[in-house]
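As stored in model-v1.pdb (PDB, C-alpha atoms):
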ATOM      1  CA  MET A1098      19.433  15.611  -8.585
ATOM      2  CA  SER A1099      16.837  13.584 -10.411
ATOM      3  CA  ASP A1100      13.813  12.179  -8.659
ATOM      4  CA  ARG A1101      14.986   8.641  -9.135
ATOM      5  CA  ASN A1102      18.316   9.350  -7.492
ATOM      6  CA  MET A1103      16.523  11.011  -4.642
ATOM      7  CA  GLU A1104      14.255   8.064  -4.102
ATOM      8  CA  GLU A1105      17.183   5.693  -4.049
ATOM      9  CA  LYS A1106      18.914   7.794  -1.413
ATOM     10  CA  VAL A1107      15.731   7.879   0.586
ATOM     11  CA  GLU A1108      15.414   4.103   0.385
ATOM     12  CA  GLN A1109      19.007   3.636   1.469
ATOM     13  CA  ALA A1110      18.569   5.938   4.409
ATOM     14  CA  SER A1111      15.362   4.269   5.389
ATOM     15  CA  ASN A1112      16.933   0.841   5.153
ATOM     16  CA  SER A1113      19.547   1.810   7.645
ATOM     17  CA  LYS A1114      17.188   3.771   9.824
ATOM     18  CA  ASN A1115      14.565   1.426  11.089
ATOM     19  CA  ILE A1116      11.902   1.292   8.403
ATOM     20  CA  SER A1117      10.520  -2.010   7.269
ATOM     21  CA  LEU A1118       7.907  -0.883   4.759
ATOM     22  CA  PRO A1119       8.581   0.252   1.185
ATOM     23  CA  MET A1120       8.179   4.014   0.981
ATOM     24  CA  SER A1121       7.577   3.911  -2.739
ATOM     25  CA  ARG A1122       4.508   1.753  -2.235
ATOM     26  CA  VAL A1123       3.263   4.002   0.577
ATOM     27  CA  ARG A1124       3.617   6.914  -1.798
ATOM     28  CA  LEU A1125       1.522   5.096  -4.416
ATOM     29  CA  ILE A1126      -1.265   4.569  -1.914
ATOM     30  CA  MET A1127      -1.127   8.197  -0.809
ATOM     31  CA  LYS A1128      -1.316   9.419  -4.366
ATOM     32  CA  SER A1129      -4.421   7.346  -4.980
ATOM     33  CA  SER A1130      -6.322   9.717  -2.700
ATOM     34  CA  PRO A1131      -8.237  12.348  -4.652
ATOM     35  CA  ASP A1132      -6.687  15.790  -5.045
ATOM     36  CA  VAL A1133      -3.270  14.838  -3.774
ATOM     37  CA  SER A1134      -0.578  16.521  -5.843
ATOM     38  CA  CYS A1135       2.777  16.693  -4.081
ATOM     39  CA  ILE A1136       3.999  14.890  -1.022
ATOM     40  CA  ASN A1137       7.127  16.118   0.627
ATOM     41  CA  GLN A1138       9.812  13.776   1.866
ATOM     42  CA  ASP A1139       9.109  14.306   5.548
ATOM     43  CA  ALA A1140       5.447  13.600   5.010
ATOM     44  CA  LEU A1141       6.233  10.364   3.186
ATOM     45  CA  PHE A1142       8.585   9.213   5.891
ATOM     46  CA  LEU A1143       6.166  10.098   8.678
ATOM     47  CA  THR A1144       3.322   8.273   6.985
ATOM     48  CA  THR A1145       5.434   5.180   6.458
ATOM     49  CA  LYS A1146       6.654   5.134  10.024
ATOM     50  CA  ALA A1147       3.175   5.837  11.365
ATOM     51  CA  THR A1148       1.895   2.905   9.358
ATOM     52  CA  GLU A1149       4.361   0.637  11.104
ATOM     53  CA  LEU A1150       3.218   1.925  14.463
ATOM     54  CA  PHE A1151      -0.356   1.381  13.368
ATOM     55  CA  VAL A1152       0.254  -2.245  12.416
ATOM     56  CA  GLN A1153       1.900  -2.906  15.775
ATOM     57  CA  HIS A1154      -0.880  -1.119  17.599
ATOM     58  CA  LEU A1155      -3.695  -2.907  15.769
ATOM     59  CA  ALA A1156      -2.073  -6.334  16.035
ATOM     60  CA  LEU A1157      -1.329  -6.066  19.728
ATOM     61  CA  SER A1158      -4.699  -4.566  20.690
ATOM     62  CA  SER A1159      -6.616  -7.196  18.789
ATOM     63  CA  TYR A1160      -4.456  -9.999  20.116
ATOM     64  CA  LYS A1161      -4.918  -8.922  23.720
ATOM     65  CA  ASN A1162      -8.674  -8.803  23.302
ATOM     66  CA  GLY A1163      -8.751 -12.250  21.801
ATOM     67  CA  SER A1164      -6.391 -14.142  24.059
ATOM     68  CA  GLY A1165      -8.962 -14.197  26.825
ATOM     69  CA  LYS A1166     -10.555 -17.104  25.010
ATOM     70  CA  GLY A1167      -7.484 -19.224  25.502
ATOM     71  CA  SER A1168      -6.378 -19.198  21.895
ATOM     72  CA  ASN A1169      -2.996 -17.709  21.154
ATOM     73  CA  THR A1170      -3.823 -17.072  17.512
ATOM     74  CA  LEU A1171      -4.736 -13.640  16.243
ATOM     75  CA  SER A1172      -7.792 -14.130  14.054
ATOM     76  CA  TYR A1173      -9.965 -12.058  11.741
ATOM     77  CA  SER A1174     -12.702 -11.807  14.341
ATOM     78  CA  ASP A1175     -10.249 -10.383  16.876
ATOM     79  CA  LEU A1176      -9.596  -7.590  14.407
ATOM     80  CA  ALA A1177     -13.290  -7.055  13.720
ATOM     81  CA  ARG A1178     -13.953  -6.856  17.412
ATOM     82  CA  ALA A1179     -11.154  -4.300  17.919
ATOM     83  CA  ALA A1180     -12.619  -2.144  15.161
ATOM     84  CA  GLU A1181     -15.963  -2.143  16.840
ATOM     85  CA  GLU A1182     -14.880  -1.648  20.410
ATOM     86  CA  SER A1183     -12.071   0.856  20.071
ATOM     87  CA  GLU A1184     -12.708   4.446  19.118
ATOM     88  CA  THR A1185      -9.314   4.693  17.466
ATOM     89  CA  PHE A1186     -10.078   1.830  15.082
ATOM     90  CA  GLN A1187     -13.654   2.796  14.309
ATOM     91  CA  PHE A1188     -12.722   3.897  10.800
ATOM     92  CA  LEU A1189     -12.052   0.249   9.987
ATOM     93  CA  THR A1190     -15.555  -1.021  10.642
ATOM     94  CA  ASP A1191     -16.581  -0.722   7.003
ATOM     95  CA  ILE A1192     -13.787  -2.947   5.812
ATOM     96  CA  LEU A1193     -13.986  -5.391   8.693
ATOM     97  CA  PRO A1194     -17.530  -6.666   8.580
ATOM     98  CA  LYS A1195     -18.328  -9.594  10.791
ATOM     99  CA  LYS A1196     -18.679 -12.991   9.291
ATOM    100  CA  ILE A1197     -21.698 -15.202   9.225
ATOM    101  CA  LEU A1198     -22.009 -18.927   8.672
ATOM    102  CA  ALA A1199     -23.073 -19.630   5.104
ATOM    103  CA  ARG A1200     -25.855 -21.957   6.141
ATOM    104  CA  ASP A1201     -27.401 -19.325   8.384
ATOM    105  CA  TYR A1202     -27.274 -16.801   5.575
ATOM    106  CA  LEU A1203     -28.874 -19.235   3.169
ATOM    107  CA  LYS A1204     -31.526 -20.043   5.717
ATOM    108  CA  SER A1205     -32.371 -16.400   6.102
ATOM    109  CA  LEU A1206     -32.542 -16.081   2.324
ATOM    110  CA  GLU A1207     -35.009 -18.944   2.182
ATOM    111  CA  GLU A1208     -37.129 -17.333   4.833
ATOM    112  CA  MET A1209     -37.146 -14.121   2.880
ATOM    113  CA  ASP A1210     -38.323 -16.038  -0.175
ATOM    114  CA  LYS A1211     -41.060 -17.663   1.819
ATOM    115  CA  ASP A1212     -42.264 -14.295   2.988
ATOM    116  CA  ASP A1213     -42.372 -13.113  -0.586
ATOM    117  CA  ASP A1214     -44.412 -16.137  -1.564
ATOM    118  CA  ASN A1215     -46.913 -15.474   1.155
ATOM    119  CA  LEU A1216     -47.633 -11.969   0.021
TER     120      LEU A1216
ATOM    121  CA  MET B 592     -15.018 -23.735 -10.419
ATOM    122  CA  ASP B 593     -17.408 -22.565 -13.072
ATOM    123  CA  GLY B 594     -16.563 -18.887 -12.811
ATOM    124  CA  ASP B 595     -19.665 -18.042 -10.863
ATOM    125  CA  SER B 596     -18.471 -17.091  -7.409
ATOM    126  CA  SER B 597     -21.571 -18.261  -5.590
ATOM    127  CA  THR B 598     -21.638 -21.732  -4.113
ATOM    128  CA  THR B 599     -23.567 -23.494  -1.452
ATOM    129  CA  ASP B 600     -20.695 -25.728  -0.452
ATOM    130  CA  THR B 601     -19.614 -24.445   2.942
ATOM    131  CA  THR B 602     -16.170 -26.014   2.744
ATOM    132  CA  GLN B 603     -15.482 -24.038  -0.399
ATOM    133  CA  LEU B 604     -16.711 -20.901   1.277
ATOM    134  CA  GLY B 605     -14.149 -21.372   4.016
ATOM    135  CA  ILE B 606     -16.398 -20.096   6.746
ATOM    136  CA  THR B 607     -15.003 -20.285  10.240
ATOM    137  CA  GLY B 608     -16.983 -21.644  13.131
ATOM    138  CA  GLU B 609     -17.745 -18.275  14.686
ATOM    139  CA  TYR B 610     -20.384 -15.845  13.740
ATOM    140  CA  MET B 611     -22.009 -12.825  15.287
ATOM    141  CA  THR B 612     -25.301 -11.125  14.902
ATOM    142  CA  GLY B 613     -25.980  -7.557  13.968
ATOM    143  CA  GLY B 614     -24.295  -5.260  11.484
ATOM    144  CA  THR B 615     -23.312  -6.066   7.966
ATOM    145  CA  TYR B 616     -22.235  -9.531   6.940
ATOM    146  CA  VAL B 617     -19.815 -10.887   4.427
ATOM    147  CA  LEU B 618     -19.486 -14.408   3.129
ATOM    148  CA  GLN B 619     -15.855 -15.297   3.052
ATOM    149  CA  THR B 620     -14.943 -16.927  -0.214
ATOM    150  CA  GLN B 621     -11.814 -18.696  -1.324
ATOM    151  CA  ASP B 622      -8.764 -16.851  -2.576
ATOM    152  CA  ASP B 623      -9.367 -13.578  -4.308
ATOM    153  CA  ASP B 624      -8.525 -13.361  -7.936
ATOM    154  CA  GLY B 625      -6.165 -10.960  -9.634
ATOM    155  CA  ASP B 626      -4.337  -8.700  -7.333
ATOM    156  CA  GLU B 627      -2.445 -11.043  -5.050
ATOM    157  CA  SER B 628       0.718 -11.242  -7.088
ATOM    158  CA  PHE B 629       1.078  -7.493  -7.106
ATOM    159  CA  ASN B 630       0.495  -7.209  -3.414
ATOM    160  CA  ASP B 631       3.090  -9.797  -2.572
ATOM    161  CA  HIS B 632       5.871  -8.168  -4.536
ATOM    162  CA  GLU B 633       8.412  -6.189  -2.601
ATOM    163  CA  ASP B 634       9.062  -3.661  -5.384
ATOM    164  CA  GLY B 635       6.994  -0.567  -5.814
ATOM    165  CA  ASN B 636       6.542  -0.367  -9.549
ATOM    166  CA  GLY B 637       3.333  -0.696 -11.509
ATOM    167  CA  SER B 638       1.354   2.119 -13.002
ATOM    168  CA  LYS B 639      -1.935   3.174 -11.547
ATOM    169  CA  ASP B 640      -3.746   2.215 -14.717
ATOM    170  CA  ASN B 641      -3.207  -1.472 -14.273
ATOM    171  CA  PHE B 642      -5.266  -1.972 -11.138
ATOM    172  CA  ARG B 643      -8.085  -0.372  -9.188
ATOM    173  CA  GLU B 644      -7.032   2.284  -6.713
ATOM    174  CA  GLN B 645      -8.481   0.510  -3.738
ATOM    175  CA  ASP B 646      -6.345  -2.561  -4.385
ATOM    176  CA  ILE B 647      -2.965  -1.017  -3.689
ATOM    177  CA  TYR B 648      -1.532  -2.740  -0.644
ATOM    178  CA  LEU B 649       1.772  -2.976   1.131
ATOM    179  CA  PRO B 650       3.573  -6.303   0.735
ATOM    180  CA  ILE B 651       2.052  -8.897   3.002
ATOM    181  CA  ALA B 652       5.431 -10.259   4.112
ATOM    182  CA  ASN B 653       6.440  -6.908   5.558
ATOM    183  CA  VAL B 654       3.097  -6.415   7.240
ATOM    184  CA  ALA B 655       3.128  -9.916   8.700
ATOM    185  CA  ARG B 656       6.641  -9.439  10.043
ATOM    186  CA  ILE B 657       5.676  -6.268  11.882
ATOM    187  CA  MET B 658       2.618  -7.983  13.340
ATOM    188  CA  LYS B 659       4.642 -10.956  14.472
ATOM    189  CA  ASN B 660       7.154  -8.740  16.237
ATOM    190  CA  ALA B 661       4.385  -6.847  17.988
ATOM    191  CA  ILE B 662       2.593  -9.767  19.627
ATOM    192  CA  PRO B 663       4.089 -12.062  22.261
ATOM    193  CA  GLN B 664       6.604 -14.628  21.057
ATOM    194  CA  THR B 665       4.266 -17.578  21.468
ATOM    195  CA  GLY B 666       1.445 -15.975  19.510
ATOM    196  CA  LYS B 667       0.368 -16.971  16.012
ATOM    197  CA  ILE B 668      -1.443 -15.090  13.297
ATOM    198  CA  ALA B 669      -4.168 -16.508  11.082
ATOM    199  CA  LYS B 670      -3.652 -16.038   7.371
ATOM    200  CA  ASP B 671      -6.881 -14.123   6.907
ATOM    201  CA  ALA B 672      -5.862 -11.813   9.729
ATOM    202  CA  LYS B 673      -2.663 -10.922   7.868
ATOM    203  CA  GLU B 674      -4.560 -10.162   4.684
ATOM    204  CA  CYS B 675      -7.063  -8.177   6.647
ATOM    205  CA  VAL B 676      -4.415  -6.004   8.288
ATOM    206  CA  GLN B 677      -2.907  -5.451   4.854
ATOM    207  CA  GLU B 678      -6.208  -3.890   3.792
ATOM    208  CA  CYS B 679      -6.557  -1.964   7.045
ATOM    209  CA  VAL B 680      -3.154  -0.448   6.440
ATOM    210  CA  SER B 681      -4.119   0.933   3.037
ATOM    211  CA  GLU B 682      -7.246   2.304   4.637
ATOM    212  CA  PHE B 683      -5.173   3.964   7.360
ATOM    213  CA  ILE B 684      -2.820   5.581   4.867
ATOM    214  CA  SER B 685      -5.732   6.916   2.823
ATOM    215  CA  PHE B 686      -7.458   8.099   5.963
ATOM    216  CA  ILE B 687      -4.474  10.143   7.117
ATOM    217  CA  THR B 688      -3.643  11.375   3.640
ATOM    218  CA  SER B 689      -7.075  12.719   2.827
ATOM    219  CA  GLU B 690      -7.255  14.587   6.121
ATOM    220  CA  ALA B 691      -3.796  16.081   5.532
ATOM    221  CA  SER B 692      -4.667  16.877   1.937
ATOM    222  CA  GLU B 693      -7.827  18.684   2.952
ATOM    223  CA  ARG B 694      -5.918  20.895   5.330
ATOM    224  CA  CYS B 695      -3.437  21.687   2.561
ATOM    225  CA  HIS B 696      -6.230  22.755   0.278
ATOM    226  CA  GLN B 697      -7.803  24.936   2.899
ATOM    227  CA  GLU B 698      -4.511  26.719   3.310
ATOM    228  CA  LYS B 699      -4.064  26.941  -0.451
ATOM    229  CA  ARG B 700      -0.898  24.860  -0.458
ATOM    230  CA  LYS B 701      -0.077  22.171  -2.973
ATOM    231  CA  THR B 702       2.476  20.112  -1.141
ATOM    232  CA  ILE B 703       1.618  17.945   1.829
ATOM    233  CA  ASN B 704       4.354  18.373   4.400
ATOM    234  CA  GLY B 705       5.286  16.676   7.662
ATOM    235  CA  GLU B 706       3.251  19.066   9.792
ATOM    236  CA  ASP B 707       0.111  18.230   7.849
ATOM    237  CA  ILE B 708       0.603  14.552   8.497
ATOM    238  CA  LEU B 709       1.221  15.012  12.203
ATOM    239  CA  PHE B 710      -1.755  17.308  12.504
ATOM    240  CA  ALA B 711      -3.964  14.803  10.690
ATOM    241  CA  MET B 712      -2.902  12.058  13.088
ATOM    242  CA  SER B 713      -3.715  14.195  16.049
ATOM    243  CA  THR B 714      -7.119  15.056  14.647
ATOM    244  CA  LEU B 715      -7.989  11.471  13.818
ATOM    245  CA  GLY B 716      -7.201   9.990  17.203
ATOM    246  CA  PHE B 717      -3.622   8.892  16.674
ATOM    247  CA  ASP B 718      -1.947  11.573  18.719
ATOM    248  CA  MET B 719      -0.127   8.924  20.697
ATOM    249  CA  TYR B 720       2.029   8.405  17.597
ATOM    250  CA  VAL B 721       3.006  12.052  17.209
ATOM    251  CA  GLU B 722       5.832  12.365  19.734
ATOM    252  CA  PRO B 723       7.602   9.116  18.770
ATOM    253  CA  LEU B 724       7.243  10.087  15.123
ATOM    254  CA  LYS B 725       8.930  13.406  15.685
ATOM    255  CA  LEU B 726      11.926  11.574  17.138
ATOM    256  CA  TYR B 727      12.038   9.135  14.242
ATOM    257  CA  LEU B 728      11.872  12.031  11.804
ATOM    258  CA  GLN B 729      14.844  13.668  13.467
ATOM    259  CA  LYS B 730      16.888  10.476  13.118
ATOM    260  CA  PHE B 731      15.799  10.098   9.533
ATOM    261  CA  ARG B 732      16.815  13.635   8.637
ATOM    262  CA  GLU B 733      20.209  13.084  10.182
ATOM    263  CA  ALA B 734      20.623   9.906   8.203
ATOM    264  CA  MET B 735      19.687  11.689   5.010
ATOM    265  CA  LYS B 736      22.161  14.496   5.589
ATOM    266  CA  GLY B 737      24.810  11.946   6.364
ATOM    267  CA  GLU B 738      24.399  10.431   2.922
ATOM    268  CA  LYS B 739      26.959  12.594   1.141
ATOM    269  CA  GLY B 740      25.567  15.955   2.181
ATOM    270  CA  ILE B 741      22.268  15.840   0.367
ATOM    271  CA  THR B 742      19.804  18.538   1.223
ATOM    272  CA  PRO B 743      16.193  17.422   1.475
ATOM    273  CA  VAL B 744      14.281  17.864  -1.739
ATOM    274  CA  THR B 745      10.588  17.730  -2.442
ATOM    275  CA  VAL B 746       9.717  14.342  -3.806
ATOM    276  CA  SER B 747       7.232  15.243  -6.466
ATOM    277  CA  GLU B 748       6.383  14.723 -10.086
ATOM    278  CA  GLY B 749       9.347  16.682 -11.401
ATOM    279  CA  LEU B 750      10.317  17.254 -15.001
ATOM    280  CA  GLY B 751      12.968  15.141 -16.571
ATOM    281  CA  GLU B 752      16.263  16.513 -17.719
ATOM    282  CA  GLU B 753      15.982  19.324 -20.175
ATOM    283  CA  LEU B 754      16.361  18.164 -23.732
ATOM    284  CA  THR B 755      18.590  20.299 -25.851
ATOM    285  CA  ASP B 756      19.299  20.246 -29.537
ATOM    286  CA  ASP B 757      22.541  18.407 -28.882
ATOM    287  CA  THR B 758      20.795  15.300 -27.717
ATOM    288  CA  PHE B 759      19.371  14.753 -31.146
ATOM    289  CA  THR B 760      22.453  15.057 -33.272
ATOM    290  CA  GLY B 761      24.184  11.943 -32.057
ATOM    291  CA  GLN B 762      23.610   8.440 -33.176
ATOM    292  CA  LEU B 763      22.019   5.955 -30.854
ATOM    293  CA  PRO B 764      23.525   2.511 -30.892
ATOM    294  CA  ALA B 765      21.016  -0.267 -30.476
ATOM    295  CA  GLY B 766      21.327  -4.012 -30.276
ATOM    296  CA  LEU B 767      18.568  -5.817 -32.077
ATOM    297  CA  ILE B 768      17.597  -9.434 -32.191
ATOM    298  CA  THR B 769      16.408  -9.991 -35.736
ATOM    299  CA  ALA B 770      13.635 -12.317 -36.742
ATOM    300  CA  ASP B 771      15.990 -15.205 -37.386
ATOM    301  CA  GLY B 772      17.320 -14.975 -33.853
ATOM    302  CA  GLN B 773      20.655 -13.373 -34.563
ATOM    303  CA  GLN B 774      21.775 -10.316 -32.760
ATOM    304  CA  GLN B 775      22.943  -7.435 -34.841
ATOM    305  CA  ASN B 776      24.293  -4.110 -33.838
ATOM    306  CA  VAL B 777      22.385  -1.418 -35.542
ATOM    307  CA  MET B 778      23.083   2.240 -35.736
ATOM    308  CA  VAL B 779      19.962   4.303 -35.488
ATOM    309  CA  TYR B 780      20.296   7.531 -37.376
ATOM    310  CA  THR B 781      18.320  10.309 -35.829
ATOM    311  CA  THR B 782      18.874  13.452 -37.829
ATOM    312  CA  SER B 783      20.876  12.644 -40.877
ATOM    313  CA  TYR B 784      21.380   9.738 -43.191
ATOM    314  CA  GLN B 785      25.042  10.343 -43.827
ATOM    315  CA  GLN B 786      27.072   7.224 -44.057
ATOM    316  CA  ILE B 787      30.009   7.445 -41.803
ATOM    317  CA  PRO B 788      33.007   5.271 -42.621
ATOM    318  CA  GLY B 789      33.679   2.485 -40.192
ATOM    319  CA  VAL B 790      30.184   2.314 -38.888
ATOM    320  CA  GLN B 791      28.142  -0.799 -39.475
ATOM    321  CA  GLN B 792      25.213  -0.309 -41.812
ATOM    322  CA  ILE B 793      21.648  -1.280 -40.999
ATOM    323  CA  GLN B 794      20.932  -4.586 -42.700
ATOM    324  CA  PHE B 795      17.530  -5.567 -43.756
ATOM    325  CA  SER B 796      17.402  -9.234 -44.484
TER     326      SER B 796
END
Using structure tokens, write down the structure from this file.
Amino acid sequence: MSDRNMEEKVEQASNSKNISLPMSRVRLIMKSSPDVSCINQDALFLTTKATELFVQHLALSSYKNGSGKGSNTLSYSDLARAAEESETFQFLTDILPKKILARDYLKSLEEMDKDDDNL
Amino acid sequence: MDGDSSTTDTTQLGITGEYMTGGTYVLQTQDDDGDESFNDHEDGNGSKDNFREQDIYLPIANVARIMKNAIPQTGKIAKDAKECVQECVSEFISFITSEASERCHQEKRKTINGEDILFAMSTLGFDMYVEPLKLYLQKFREAMKGEKGITPVTVSEGLGEELTDDTFTGQLPAGLITADGQQQNVMVYTTSYQQIPGVQQIQFS
């Protein structure tokens, strides 16, 4: 049985068995980690399914935290807040930095320049 | 746009009205260049060489659908939140994979198996997923067996079919579109230049 045949069978099975993410793409992402050689089929399935659970978990947690403000829209800052406040999502803090208004950033840049001038 | 990504026009920067103090900051710019078309495709092809490793994402439509089904019916999701979760997902996969991979190495094994993944999740604070995942795995295995009695096989970088001498003695038919736009059937001779009666000759115009 060639690899390609195998992957097709896996995709067919996963289509009928409750997976809504492409396993081939998950595999690509896994293989981009250093030192990863072979990934067995169970591992690929588990990772894909876990990723679905993760998306649900992250979306719902963030949404619940945000809806206290009366908005029913899940926003970027809801996600950033979840990353900061939840231990489970701590690993996301590097890729979810908080945003700042451009004019405030530019103002702080100007102030830094002024300080340099005064030296 | 003049190619320089910096701008002082706040509308172009697309900054929202909220901001917070402390920590690192990022200025949100307009649409990213390059990788969006790949990330939106549903298929999984594309060699690693064509894009940076950190830009491999799952298709945003799939991710958005899962998010939508997770939150209450009346809820909405901002576009930048969808893109953000897309990135978080790749981060999650890498996070789990490197932990599992490390354990494999420590135990001198080359193939990451299901146990490694489950163990990694437990270690990294996702042990609430482990039990449900075991059930899903059971169902999946049953589904796989049901598909014409296949036994599970390691999905790895296997070798292609073995090439024997026989594969080179035949002639490979090929259809070519020639420079003037006409299609010709061409016989490609691989090992010998014998002219076989009844077979169309290669024509060079």
So which residues get picked by the PyMOL selection byres ((chain A and resi 1121-1123) around 7) here, written as an mmCIF file with C-alpha atoms, in the frame of the given file?
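Written output follows (out29.cif):
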data_model
loop_
_atom_site.group_PDB
_atom_site.id
_atom_site.type_symbol
_atom_site.label_atom_id
_atom_site.label_comp_id
_atom_site.auth_asym_id
_atom_site.auth_seq_id
_atom_site.Cartn_x
_atom_site.Cartn_y
_atom_site.Cartn_z
ATOM 1 C CA PRO A 1119 8.581 0.252 1.185
ATOM 2 C CA MET A 1120 8.179 4.014 0.981
ATOM 3 C CA ARG A 1124 3.617 6.914 -1.798
ATOM 4 C CA LEU A 1125 1.522 5.096 -4.416
ATOM 5 C CA ILE A 1126 -1.265 4.569 -1.914
ATOM 6 C CA MET A 1127 -1.127 8.197 -0.809
ATOM 7 C CA THR A 1145 5.434 5.180 6.458
ATOM 8 C CA GLY B 635 6.994 -0.567 -5.814
ATOM 9 C CA LEU B 649 1.772 -2.976 1.131
#
- Quick one: everything within 10 Å of A:Thr1185, counting only C-alpha atoms, minus sequence neighbours fewer than 4 positions away in the same chain. Send it as a PyMOL selection string. (chain A and resi 1155+1179-1181+1189) or (chain B and resi 715-717)
Just give me the gap between atom CA of A:Asp1139 and atom CA of B:Asn704 in Å, one decimal is fine.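 Here the two named atoms are 6.4 Å from each other.
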Worksheet item: B:Glu706: which residues within 9 Å, counting only C-alpha atoms, same-chain residues fewer than 3 positions away excluded, as a list in words?
Response: Asp1139 and Ala1140 of chain A; Ala691, Ile703, Leu709, Phe710 and Ala711 of chain B
Would you put the residues from that selection into a file with C-alpha atoms, as an mmCIF file, in the frame of the given file?
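And here is the file that came out, again_8.cif:
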data_model
loop_
_atom_site.group_PDB
_atom_site.id
_atom_site.type_symbol
_atom_site.label_atom_id
_atom_site.label_comp_id
_atom_site.auth_asym_id
_atom_site.auth_seq_id
_atom_site.Cartn_x
_atom_site.Cartn_y
_atom_site.Cartn_z
ATOM 1 C CA ASP A 1139 9.109 14.306 5.548
ATOM 2 C CA ALA A 1140 5.447 13.600 5.010
ATOM 3 C CA ALA B 691 -3.796 16.081 5.532
ATOM 4 C CA ILE B 703 1.618 17.945 1.829
ATOM 5 C CA LEU B 709 1.221 15.012 12.203
ATOM 6 C CA PHE B 710 -1.755 17.308 12.504
ATOM 7 C CA ALA B 711 -3.964 14.803 10.690
#
* Hey, can you check how far atom CA of B:Glu678 sits from atom CA of A:Val1152? ->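 Value for the atom CA of B:Glu678-atom CA of A:Val1152 distance: 10.9 Å.
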Review point. Given the file above and the PyMOL selection byres ((chain A and resi 1169) around 12), which residues are selected, and can you give them as a list in words?
Key: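 On this input, the PyMOL selection byres ((chain A and resi 1169) around 12) captures Leu1157, Ser1159, Tyr1160, Lys1161, Asn1162, Gly1163, Ser1164, Gly1165, Lys1166, Gly1167, Ser1168, Thr1170, Leu1171, Ser1172 and Asp1175 of chain A; Ile662, Pro663, Gln664, Thr665, Gly666, Lys667, Ile668 and Ala669 of chain B.
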Exercise. For A:Tyr1173, work out the shell of residues within 9 Å, counting all atoms listed in the file and skipping chain neighbours fewer than 2 positions away, then give it as a PyMOL selection string.
Key: (chain A and resi 1171+1175-1178+1193+1195) or (chain B and resi 669-673+675-676)
query: What does the distance between atom CA of B:Met719 and atom CA of A:Gln1153 come to in Å, to one decimal place?
result: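 Interatomic distance, atom CA of B:Met719 to atom CA of A:Gln1153: 13.0 Å.
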From the list A:Ser1158, A:Asn1115, A:Ser1183, A:Asn1137, the nearest residue to chain B using only C-alpha atoms is A:Asn1137
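For the set B:Thr702, B:Cys695, B:Lys725, B:Asp646, the residue with the smallest atom-to-atom gap to chain A is B:Thr702, counting all atoms listed in the file.
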List as a PyMOL selection string the protein and nucleic acid residues near A:Ser1130, meaning an atom at most 9 Å away when only C-alpha atoms are counted, but skip any in the same chain fewer than 2 places from it. (chain A and resi 1126-1128+1132-1133) or (chain B and resi 644+685-686+688-689+692)
Output of the above residues as an mmCIF file, in the coordinates of the input, restricted to C-alpha atoms:
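Saved result, selection06.cif, follows:
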data_model
loop_
_atom_site.group_PDB
_atom_site.id
_atom_site.type_symbol
_atom_site.label_atom_id
_atom_site.label_comp_id
_atom_site.auth_asym_id
_atom_site.auth_seq_id
_atom_site.Cartn_x
_atom_site.Cartn_y
_atom_site.Cartn_z
ATOM 1 C CA ILE A 1126 -1.265 4.569 -1.914
ATOM 2 C CA MET A 1127 -1.127 8.197 -0.809
ATOM 3 C CA LYS A 1128 -1.316 9.419 -4.366
ATOM 4 C CA ASP A 1132 -6.687 15.790 -5.045
ATOM 5 C CA VAL A 1133 -3.270 14.838 -3.774
ATOM 6 C CA GLU B 644 -7.032 2.284 -6.713
ATOM 7 C CA SER B 685 -5.732 6.916 2.823
ATOM 8 C CA PHE B 686 -7.458 8.099 5.963
ATOM 9 C CA THR B 688 -3.643 11.375 3.640
ATOM 10 C CA SER B 689 -7.075 12.719 2.827
ATOM 11 C CA SER B 692 -4.667 16.877 1.937
#
Listed atoms of stretch 1122-1135 of chain A, axis-aligned box, 8 Å per side: centre and edge lengths to one decimal in Å, as AutoDock Vina command-line options?
--center_x -1.9 --center_y 9.2 --center_z -2.6 --size_x 28.7 --size_y 30.9 --size_z 22.4
Suppose a student applies the PyMOL selection byres ((chain B and resi 724) around 10) to this structure; what residues should they get, written as a list in words? Phe1142, Leu1143, Thr1144, Lys1146, Ala1147 and Leu1150 of chain A; Leu709, Asp718, Met719, Tyr720, Val721, Glu722, Pro723, Lys725, Leu726, Tyr727, Leu728, Gln729 and Lys730 of chain B
For the residues in that selection, give me C-alpha atoms as an mmCIF file, in the coordinates of the input.
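Contents of selection_24.cif, as written:
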data_model
loop_
_atom_site.group_PDB
_atom_site.id
_atom_site.type_symbol
_atom_site.label_atom_id
_atom_site.label_comp_id
_atom_site.auth_asym_id
_atom_site.auth_seq_id
_atom_site.Cartn_x
_atom_site.Cartn_y
_atom_site.Cartn_z
ATOM 1 C CA PHE A 1142 8.585 9.213 5.891
ATOM 2 C CA LEU A 1143 6.166 10.098 8.678
ATOM 3 C CA THR A 1144 3.322 8.273 6.985
ATOM 4 C CA LYS A 1146 6.654 5.134 10.024
ATOM 5 C CA ALA A 1147 3.175 5.837 11.365
ATOM 6 C CA LEU A 1150 3.218 1.925 14.463
ATOM 7 C CA LEU B 709 1.221 15.012 12.203
ATOM 8 C CA ASP B 718 -1.947 11.573 18.719
ATOM 9 C CA MET B 719 -0.127 8.924 20.697
ATOM 10 C CA TYR B 720 2.029 8.405 17.597
ATOM 11 C CA VAL B 721 3.006 12.052 17.209
ATOM 12 C CA GLU B 722 5.832 12.365 19.734
ATOM 13 C CA PRO B 723 7.602 9.116 18.770
ATOM 14 C CA LYS B 725 8.930 13.406 15.685
ATOM 15 C CA LEU B 726 11.926 11.574 17.138
ATOM 16 C CA TYR B 727 12.038 9.135 14.242
ATOM 17 C CA LEU B 728 11.872 12.031 11.804
ATOM 18 C CA GLN B 729 14.844 13.668 13.467
ATOM 19 C CA LYS B 730 16.888 10.476 13.118
#
